[in-house]
$ cat query08.cif   # mmCIF, N, CA and C atoms
data_input
#
loop_
_atom_site.label_atom_id
_atom_site.label_comp_id
_atom_site.auth_asym_id
_atom_site.auth_seq_id
_atom_site.Cartn_x
_atom_site.Cartn_y
_atom_site.Cartn_z
N MET A 1066 -102.97 -3.18 -130.91
CA MET A 1066 -101.61 -2.82 -131.18
C MET A 1066 -100.70 -3.73 -130.36
N THR A 1067 -99.82 -4.29 -131.02
CA THR A 1067 -98.89 -5.16 -130.34
C THR A 1067 -97.53 -4.49 -130.29
N VAL A 1068 -96.92 -4.65 -129.14
CA VAL A 1068 -95.58 -4.08 -128.96
C VAL A 1068 -94.60 -5.21 -129.13
N LYS A 1069 -93.69 -4.96 -130.02
CA LYS A 1069 -92.69 -5.98 -130.29
C LYS A 1069 -91.55 -5.80 -129.32
N MET A 1070 -91.27 -6.78 -128.55
CA MET A 1070 -90.19 -6.70 -127.58
C MET A 1070 -88.92 -7.18 -128.24
N SER A 1071 -87.94 -6.36 -128.14
CA SER A 1071 -86.66 -6.77 -128.70
C SER A 1071 -85.86 -7.50 -127.63
N SER A 1072 -84.93 -8.21 -128.10
CA SER A 1072 -84.09 -8.93 -127.14
C SER A 1072 -83.23 -7.91 -126.39
N PRO A 1073 -82.93 -8.22 -125.12
CA PRO A 1073 -82.12 -7.25 -124.37
C PRO A 1073 -80.74 -7.10 -125.01
N ARG A 1074 -80.23 -5.87 -124.89
CA ARG A 1074 -78.92 -5.57 -125.47
C ARG A 1074 -77.84 -6.34 -124.72
N PRO A 1075 -76.89 -6.80 -125.45
CA PRO A 1075 -75.81 -7.51 -124.76
C PRO A 1075 -75.01 -6.53 -123.90
N THR A 1076 -74.62 -6.96 -122.75
CA THR A 1076 -73.84 -6.07 -121.87
C THR A 1076 -72.41 -6.02 -122.34
N LYS A 1077 -71.82 -4.85 -122.19
CA LYS A 1077 -70.43 -4.67 -122.60
C LYS A 1077 -69.52 -5.24 -121.53
N ARG A 1078 -68.45 -5.80 -121.99
CA ARG A 1078 -67.46 -6.29 -121.03
C ARG A 1078 -66.58 -5.13 -120.60
N ALA A 1079 -66.20 -5.12 -119.35
CA ALA A 1079 -65.30 -4.08 -118.86
C ALA A 1079 -63.92 -4.29 -119.44
N ARG A 1080 -63.25 -3.18 -119.70
CA ARG A 1080 -61.89 -3.28 -120.20
C ARG A 1080 -60.97 -3.83 -119.13
N ALA A 1081 -60.01 -4.55 -119.57
CA ALA A 1081 -59.02 -5.09 -118.64
C ALA A 1081 -58.09 -3.96 -118.22
N ASN A 1082 -57.85 -3.83 -116.93
CA ASN A 1082 -56.94 -2.81 -116.41
C ASN A 1082 -55.57 -3.46 -116.31
N LEU A 1083 -54.80 -3.32 -117.39
CA LEU A 1083 -53.52 -3.99 -117.46
C LEU A 1083 -52.48 -3.39 -116.52
N THR A 1084 -52.62 -2.08 -116.22
CA THR A 1084 -51.64 -1.44 -115.33
C THR A 1084 -52.03 -1.56 -113.88
N GLY A 1085 -53.23 -1.96 -113.62
CA GLY A 1085 -53.68 -2.03 -112.23
C GLY A 1085 -53.79 -0.64 -111.64
N ASP A 1086 -53.70 -0.55 -110.34
CA ASP A 1086 -53.76 0.75 -109.67
C ASP A 1086 -52.37 1.20 -109.24
N ALA A 1087 -51.35 0.76 -109.93
CA ALA A 1087 -49.98 1.13 -109.56
C ALA A 1087 -49.77 2.62 -109.70
N HIS A 1088 -50.49 3.27 -110.60
CA HIS A 1088 -50.34 4.71 -110.80
C HIS A 1088 -51.05 5.52 -109.72
N VAL A 1089 -51.89 4.90 -108.93
CA VAL A 1089 -52.61 5.58 -107.87
C VAL A 1089 -51.99 5.16 -106.54
N THR A 1090 -50.99 5.93 -106.10
CA THR A 1090 -50.25 5.52 -104.92
C THR A 1090 -50.92 5.93 -103.62
N HIS A 1091 -51.72 6.97 -103.65
CA HIS A 1091 -52.28 7.48 -102.39
C HIS A 1091 -53.63 6.88 -102.04
N LEU A 1092 -54.24 6.11 -102.92
CA LEU A 1092 -55.54 5.54 -102.61
C LEU A 1092 -55.41 4.08 -102.24
N THR A 1093 -55.93 3.78 -101.10
CA THR A 1093 -56.00 2.39 -100.68
C THR A 1093 -57.43 2.14 -100.25
N GLU A 1094 -57.75 0.91 -100.04
CA GLU A 1094 -59.12 0.60 -99.61
C GLU A 1094 -59.43 1.28 -98.29
N ALA A 1095 -58.44 1.32 -97.40
CA ALA A 1095 -58.66 1.95 -96.10
C ALA A 1095 -58.83 3.45 -96.22
N SER A 1096 -58.12 4.08 -97.19
CA SER A 1096 -58.19 5.53 -97.30
C SER A 1096 -59.48 6.00 -97.95
N THR A 1097 -60.10 5.16 -98.79
CA THR A 1097 -61.32 5.58 -99.45
C THR A 1097 -62.56 5.21 -98.64
N ALA A 1098 -62.42 4.31 -97.72
CA ALA A 1098 -63.56 3.90 -96.90
C ALA A 1098 -63.81 4.95 -95.83
N GLN A 1099 -65.08 5.31 -95.69
CA GLN A 1099 -65.44 6.27 -94.66
C GLN A 1099 -66.29 5.57 -93.61
N PRO A 1100 -66.15 6.03 -92.37
CA PRO A 1100 -66.96 5.43 -91.31
C PRO A 1100 -68.45 5.61 -91.62
N GLY A 1101 -69.23 4.75 -91.03
CA GLY A 1101 -70.67 4.78 -91.26
C GLY A 1101 -71.32 6.08 -90.85
N ASN A 1102 -70.81 6.76 -89.83
CA ASN A 1102 -71.45 7.99 -89.37
C ASN A 1102 -70.97 9.22 -90.14
N GLY A 1103 -70.06 9.06 -91.12
CA GLY A 1103 -69.64 10.17 -91.96
C GLY A 1103 -68.51 11.00 -91.37
N THR A 1104 -68.05 10.68 -90.16
CA THR A 1104 -66.96 11.43 -89.57
C THR A 1104 -65.65 10.73 -89.83
N ILE A 1105 -64.58 11.51 -89.86
CA ILE A 1105 -63.24 10.97 -90.07
C ILE A 1105 -62.44 11.30 -88.82
N ASN A 1106 -61.71 10.31 -88.32
CA ASN A 1106 -60.93 10.57 -87.11
C ASN A 1106 -59.73 11.46 -87.41
N SER A 1107 -59.11 11.99 -86.38
CA SER A 1107 -58.02 12.95 -86.55
C SER A 1107 -56.81 12.35 -87.24
N GLU A 1108 -56.54 11.07 -87.01
CA GLU A 1108 -55.41 10.42 -87.68
C GLU A 1108 -55.64 10.37 -89.19
N GLU A 1109 -56.86 10.06 -89.58
CA GLU A 1109 -57.20 10.01 -91.00
C GLU A 1109 -57.12 11.40 -91.62
N VAL A 1110 -57.59 12.41 -90.91
CA VAL A 1110 -57.51 13.79 -91.41
C VAL A 1110 -56.05 14.18 -91.62
N LEU A 1111 -55.20 13.87 -90.66
CA LEU A 1111 -53.78 14.19 -90.77
C LEU A 1111 -53.16 13.49 -91.97
N ARG A 1112 -53.49 12.24 -92.17
CA ARG A 1112 -52.96 11.50 -93.31
C ARG A 1112 -53.42 12.12 -94.63
N LEU A 1113 -54.67 12.52 -94.69
CA LEU A 1113 -55.19 13.13 -95.91
C LEU A 1113 -54.58 14.51 -96.15
N VAL A 1114 -54.46 15.30 -95.10
CA VAL A 1114 -53.91 16.65 -95.23
C VAL A 1114 -52.46 16.60 -95.70
N ASP A 1115 -51.71 15.60 -95.25
CA ASP A 1115 -50.32 15.45 -95.67
C ASP A 1115 -50.19 15.26 -97.18
N GLN A 1116 -51.25 14.83 -97.83
CA GLN A 1116 -51.22 14.59 -99.28
C GLN A 1116 -51.53 15.84 -100.09
N LEU A 1117 -52.00 16.90 -99.42
CA LEU A 1117 -52.39 18.11 -100.13
C LEU A 1117 -51.21 19.06 -100.33
N SER A 1118 -51.26 19.81 -101.41
CA SER A 1118 -50.24 20.83 -101.66
C SER A 1118 -50.55 22.07 -100.82
N HIS A 1119 -49.59 22.98 -100.76
CA HIS A 1119 -49.77 24.22 -100.00
C HIS A 1119 -50.95 25.02 -100.57
N ASP A 1120 -51.04 25.12 -101.90
CA ASP A 1120 -52.13 25.87 -102.52
C ASP A 1120 -53.49 25.24 -102.22
N GLN A 1121 -53.55 23.91 -102.24
CA GLN A 1121 -54.81 23.23 -101.94
C GLN A 1121 -55.22 23.48 -100.49
N LEU A 1122 -54.25 23.44 -99.57
CA LEU A 1122 -54.55 23.71 -98.16
C LEU A 1122 -55.05 25.14 -97.97
N CYS A 1123 -54.38 26.09 -98.62
CA CYS A 1123 -54.81 27.49 -98.52
C CYS A 1123 -56.23 27.65 -99.02
N ASP A 1124 -56.54 27.03 -100.13
CA ASP A 1124 -57.88 27.13 -100.70
C ASP A 1124 -58.93 26.57 -99.74
N ILE A 1125 -58.63 25.43 -99.15
CA ILE A 1125 -59.56 24.81 -98.20
C ILE A 1125 -59.76 25.69 -96.98
N VAL A 1126 -58.67 26.25 -96.45
CA VAL A 1126 -58.76 27.09 -95.25
C VAL A 1126 -59.56 28.35 -95.56
N ILE A 1127 -59.34 28.94 -96.72
CA ILE A 1127 -60.09 30.15 -97.09
C ILE A 1127 -61.57 29.85 -97.20
N LYS A 1128 -61.91 28.76 -97.87
CA LYS A 1128 -63.33 28.39 -98.00
C LYS A 1128 -63.95 28.08 -96.65
N ALA A 1129 -63.19 27.42 -95.78
CA ALA A 1129 -63.72 27.10 -94.45
C ALA A 1129 -63.93 28.37 -93.64
N ALA A 1130 -63.00 29.33 -93.76
CA ALA A 1130 -63.13 30.59 -93.03
C ALA A 1130 -64.31 31.41 -93.54
N GLU A 1131 -64.56 31.36 -94.84
CA GLU A 1131 -65.70 32.08 -95.41
C GLU A 1131 -67.02 31.45 -94.97
N ALA A 1132 -67.04 30.15 -94.83
CA ALA A 1132 -68.28 29.44 -94.48
C ALA A 1132 -68.53 29.39 -92.97
N HIS A 1133 -67.45 29.47 -92.17
CA HIS A 1133 -67.60 29.31 -90.73
C HIS A 1133 -66.83 30.41 -90.00
N SER A 1134 -67.55 31.26 -89.32
CA SER A 1134 -66.91 32.39 -88.64
C SER A 1134 -65.95 31.94 -87.54
N ASP A 1135 -66.20 30.79 -86.91
CA ASP A 1135 -65.29 30.32 -85.88
C ASP A 1135 -63.92 29.95 -86.46
N VAL A 1136 -63.89 29.47 -87.70
CA VAL A 1136 -62.61 29.16 -88.36
C VAL A 1136 -61.87 30.46 -88.65
N ALA A 1137 -62.58 31.47 -89.14
CA ALA A 1137 -61.96 32.77 -89.41
C ALA A 1137 -61.41 33.38 -88.12
N THR A 1138 -62.15 33.26 -87.03
CA THR A 1138 -61.70 33.77 -85.74
C THR A 1138 -60.47 33.03 -85.27
N HIS A 1139 -60.45 31.72 -85.45
CA HIS A 1139 -59.29 30.92 -85.05
C HIS A 1139 -58.04 31.32 -85.85
N ILE A 1140 -58.21 31.55 -87.14
CA ILE A 1140 -57.08 32.00 -87.97
C ILE A 1140 -56.57 33.34 -87.47
N HIS A 1141 -57.48 34.27 -87.21
CA HIS A 1141 -57.10 35.60 -86.71
C HIS A 1141 -56.36 35.50 -85.38
N ASN A 1142 -56.89 34.71 -84.47
CA ASN A 1142 -56.25 34.56 -83.15
C ASN A 1142 -54.88 33.91 -83.25
N THR A 1143 -54.74 32.95 -84.14
CA THR A 1143 -53.44 32.30 -84.33
C THR A 1143 -52.41 33.28 -84.85
N ILE A 1144 -52.80 34.12 -85.80
CA ILE A 1144 -51.89 35.14 -86.34
C ILE A 1144 -51.51 36.13 -85.25
N GLU A 1145 -52.46 36.54 -84.45
CA GLU A 1145 -52.16 37.48 -83.35
C GLU A 1145 -51.20 36.87 -82.34
N GLU A 1146 -51.37 35.59 -82.03
CA GLU A 1146 -50.45 34.90 -81.12
C GLU A 1146 -49.04 34.87 -81.69
N MET A 1147 -48.93 34.60 -82.98
CA MET A 1147 -47.61 34.57 -83.63
C MET A 1147 -46.96 35.95 -83.56
N ARG A 1148 -47.73 36.99 -83.83
CA ARG A 1148 -47.19 38.36 -83.79
C ARG A 1148 -46.77 38.74 -82.38
N GLU A 1149 -47.55 38.34 -81.40
CA GLU A 1149 -47.22 38.64 -80.01
C GLU A 1149 -45.93 37.95 -79.59
N LYS A 1150 -45.75 36.70 -79.98
CA LYS A 1150 -44.51 35.99 -79.67
C LYS A 1150 -43.32 36.68 -80.31
N GLU A 1151 -43.48 37.14 -81.54
CA GLU A 1151 -42.38 37.83 -82.23
C GLU A 1151 -42.06 39.16 -81.55
N ARG A 1152 -43.09 39.88 -81.13
CA ARG A 1152 -42.87 41.16 -80.43
C ARG A 1152 -42.14 40.95 -79.10
N ASN A 1153 -42.41 39.84 -78.44
CA ASN A 1153 -41.82 39.57 -77.13
C ASN A 1153 -40.47 38.87 -77.20
N ARG A 1154 -40.06 38.48 -78.40
CA ARG A 1154 -38.79 37.79 -78.55
C ARG A 1154 -37.64 38.77 -78.30
N VAL A 1155 -36.72 38.35 -77.49
CA VAL A 1155 -35.57 39.18 -77.15
C VAL A 1155 -34.39 38.73 -78.00
N ILE A 1156 -33.82 39.69 -78.72
CA ILE A 1156 -32.64 39.39 -79.53
C ILE A 1156 -31.45 39.98 -78.81
N ASN A 1157 -30.50 39.13 -78.48
CA ASN A 1157 -29.35 39.55 -77.71
C ASN A 1157 -28.18 39.82 -78.66
N PHE A 1158 -27.85 41.11 -78.79
CA PHE A 1158 -26.73 41.51 -79.62
C PHE A 1158 -25.48 41.78 -78.81
N ASP A 1159 -25.50 41.44 -77.52
CA ASP A 1159 -24.40 41.78 -76.63
C ASP A 1159 -23.07 41.20 -77.11
N SER A 1160 -23.07 39.92 -77.44
CA SER A 1160 -21.80 39.30 -77.86
C SER A 1160 -21.30 39.90 -79.16
N LEU A 1161 -22.22 40.25 -80.06
CA LEU A 1161 -21.81 40.86 -81.32
C LEU A 1161 -21.25 42.26 -81.09
N SER A 1162 -21.90 43.04 -80.23
CA SER A 1162 -21.40 44.40 -79.98
C SER A 1162 -20.03 44.36 -79.31
N LYS A 1163 -19.83 43.41 -78.40
CA LYS A 1163 -18.52 43.28 -77.75
C LYS A 1163 -17.47 42.85 -78.76
N SER A 1164 -17.83 41.98 -79.69
CA SER A 1164 -16.90 41.53 -80.71
C SER A 1164 -16.50 42.69 -81.62
N VAL A 1165 -17.47 43.49 -82.01
CA VAL A 1165 -17.17 44.67 -82.84
C VAL A 1165 -16.28 45.63 -82.08
N TRP A 1166 -16.62 45.93 -80.82
CA TRP A 1166 -15.81 46.86 -80.02
C TRP A 1166 -14.38 46.35 -79.91
N TYR A 1167 -14.22 45.05 -79.62
CA TYR A 1167 -12.88 44.48 -79.49
C TYR A 1167 -12.11 44.59 -80.80
N SER A 1168 -12.76 44.23 -81.90
CA SER A 1168 -12.06 44.27 -83.19
C SER A 1168 -11.61 45.67 -83.56
N ILE A 1169 -12.45 46.65 -83.33
CA ILE A 1169 -12.09 48.03 -83.71
C ILE A 1169 -11.13 48.66 -82.70
N ASN A 1170 -11.41 48.51 -81.41
CA ASN A 1170 -10.66 49.24 -80.39
C ASN A 1170 -9.45 48.51 -79.83
N VAL A 1171 -9.36 47.20 -79.99
CA VAL A 1171 -8.22 46.46 -79.46
C VAL A 1171 -7.39 45.88 -80.61
N ALA A 1172 -8.03 45.08 -81.45
CA ALA A 1172 -7.29 44.41 -82.52
C ALA A 1172 -6.72 45.40 -83.52
N HIS A 1173 -7.40 46.48 -83.77
CA HIS A 1173 -6.95 47.46 -84.76
C HIS A 1173 -6.69 48.82 -84.11
N ARG A 1174 -6.28 48.83 -82.85
CA ARG A 1174 -6.12 50.10 -82.13
C ARG A 1174 -4.96 50.94 -82.66
N LYS A 1175 -3.99 50.31 -83.31
CA LYS A 1175 -2.84 51.07 -83.79
C LYS A 1175 -3.16 51.87 -85.04
N LEU A 1176 -4.30 51.53 -85.65
CA LEU A 1176 -4.69 52.29 -86.84
C LEU A 1176 -5.26 53.64 -86.44
N LYS A 1177 -5.04 54.63 -87.24
CA LYS A 1177 -5.52 55.98 -86.94
C LYS A 1177 -6.49 56.44 -88.02
N GLY A 1178 -7.38 57.30 -87.61
CA GLY A 1178 -8.26 58.03 -88.52
C GLY A 1178 -8.98 57.19 -89.54
N SER A 1179 -8.73 57.52 -90.82
CA SER A 1179 -9.48 56.89 -91.90
C SER A 1179 -9.15 55.40 -92.05
N ARG A 1180 -7.97 54.99 -91.65
CA ARG A 1180 -7.61 53.57 -91.71
C ARG A 1180 -8.52 52.75 -90.78
N GLN A 1181 -8.75 53.27 -89.58
CA GLN A 1181 -9.63 52.57 -88.64
C GLN A 1181 -11.06 52.58 -89.18
N TYR A 1182 -11.44 53.67 -89.82
CA TYR A 1182 -12.77 53.76 -90.42
C TYR A 1182 -12.91 52.69 -91.52
N ASP A 1183 -11.88 52.52 -92.34
CA ASP A 1183 -11.90 51.53 -93.41
C ASP A 1183 -12.02 50.11 -92.86
N VAL A 1184 -11.39 49.85 -91.73
CA VAL A 1184 -11.43 48.53 -91.11
C VAL A 1184 -12.83 48.20 -90.58
N ALA A 1185 -13.62 49.20 -90.30
CA ALA A 1185 -14.97 48.98 -89.76
C ALA A 1185 -15.79 48.09 -90.71
N GLY A 1186 -15.63 48.29 -92.02
CA GLY A 1186 -16.35 47.45 -92.98
C GLY A 1186 -15.90 46.00 -92.90
N ASP A 1187 -14.61 45.79 -92.73
CA ASP A 1187 -14.09 44.43 -92.59
C ASP A 1187 -14.60 43.78 -91.32
N VAL A 1188 -14.64 44.57 -90.24
CA VAL A 1188 -15.13 44.06 -88.96
C VAL A 1188 -16.60 43.68 -89.08
N TRP A 1189 -17.36 44.53 -89.75
CA TRP A 1189 -18.79 44.24 -89.95
C TRP A 1189 -18.96 42.91 -90.70
N TYR A 1190 -18.15 42.71 -91.74
CA TYR A 1190 -18.24 41.48 -92.50
C TYR A 1190 -17.89 40.27 -91.65
N GLU A 1191 -16.85 40.38 -90.85
CA GLU A 1191 -16.43 39.28 -89.99
C GLU A 1191 -17.53 38.92 -88.98
N VAL A 1192 -18.10 39.92 -88.35
CA VAL A 1192 -19.11 39.69 -87.33
C VAL A 1192 -20.40 39.16 -87.97
N GLY A 1193 -20.77 39.71 -89.13
CA GLY A 1193 -22.01 39.32 -89.80
C GLY A 1193 -22.00 37.90 -90.33
N TYR A 1194 -20.84 37.37 -90.63
CA TYR A 1194 -20.76 36.05 -91.25
C TYR A 1194 -20.07 35.01 -90.39
N ASP A 1195 -19.88 35.27 -89.13
CA ASP A 1195 -19.30 34.29 -88.22
C ASP A 1195 -20.35 33.39 -87.65
#
$ encode --input "query08.cif" --output "C-alpha cells"
Amino acid sequence: MTVKMSSPRPTKRARANLTGDAHVTHLTEASTAQPGNGTINSEEVLRLVDQLSHDQLCDIVIKAAEAHSDVATHIHNTIEEMREKERNRVINFDSLSKSVWYSINVAHRKLKGSRQYDVAGDVWYEVGYD
C-alpha cells in the first residue's frame, strides 16, 4: 500500500491591519509584558487598577475575599476603622446655634408670639444655606 503524499497546503497570508492599534489605547508593549518571575510591581498594579471600572474592582475584591480569608479580614478591619473614625468625629454646631439664637432673639426681638415663630423658618433657611 502506498500512501500518496499531497503537497503541503499553502499558508494563508495575514490580513493587513489598516487601522493599526489606534483603537487600543491602554495596551502598550510595556503594559502587556510581565516579569519573568510572574510578579507585577506595585506601580504596574496601580496603573492597571486605574484602568478598571468601579464594578470591575468590586468584582475582583469580592472574588479575592472569597478565595483568601486575609483579604476578607482586611476589608472588615478597614470598614471598622472607617466607622470608628466617623463615631469619633466631633461636629461643632456652636457657631450655628449662636447664629440662630442671635437671629431669633436679637435681630427679630421686636416680633411677638406667632410672628417670631414664623421667622424661625426663615432663620433656619438662612443658617442652613449660609
$ atom_distance --input "query08.cif" --atom1 "CA of Val1114 in chain A" --atom2 "CA of Glu1149 in chain A"
27.6 Å
$ residues_around --input "query08.cif" --residues "range 1123-1132 of chain A" --least-positions-apart "6" --cutoff "12 Å" --atoms "only C-alpha atoms" --output "PyMOL selection string"
chain A and resi 1114+1117+1138-1141
$ residues_around --input "query08.cif" --residues "Val1188 in chain A" --least-positions-apart "6" --cutoff "8 Å" --atoms "only N, CA and C atoms" --output "list in words"
Ser1164, Val1165, Ser1168, Ile1169 and Tyr1194 of chain A
$ atom_distance --input "query08.cif" --atom1 "CA of Ala1172 in chain A" --atom2 "CA of Glu1191 in chain A"
12.9 Å
$ atom_distance --input "query08.cif" --atom1 "atom N of Ile1144 in chain A" --atom2 "atom N of Leu1122 in chain A"
17.5 Å
$ select_by_dssp --input "query08.cif" --residues "range 1089-1187 of chain A" --states "alpha helix (DSSP H)" --output "count of residues only"
65
$ axis_aligned_box --input "query08.cif" --around "range 1145-1155 of chain A" --padding-each-side "6 Å" --output "AutoDock Vina command-line options"
--center_x -43.4 --center_y 37.9 --center_z -80.8 --size_x 30.1 --size_y 18.6 --size_z 19.3
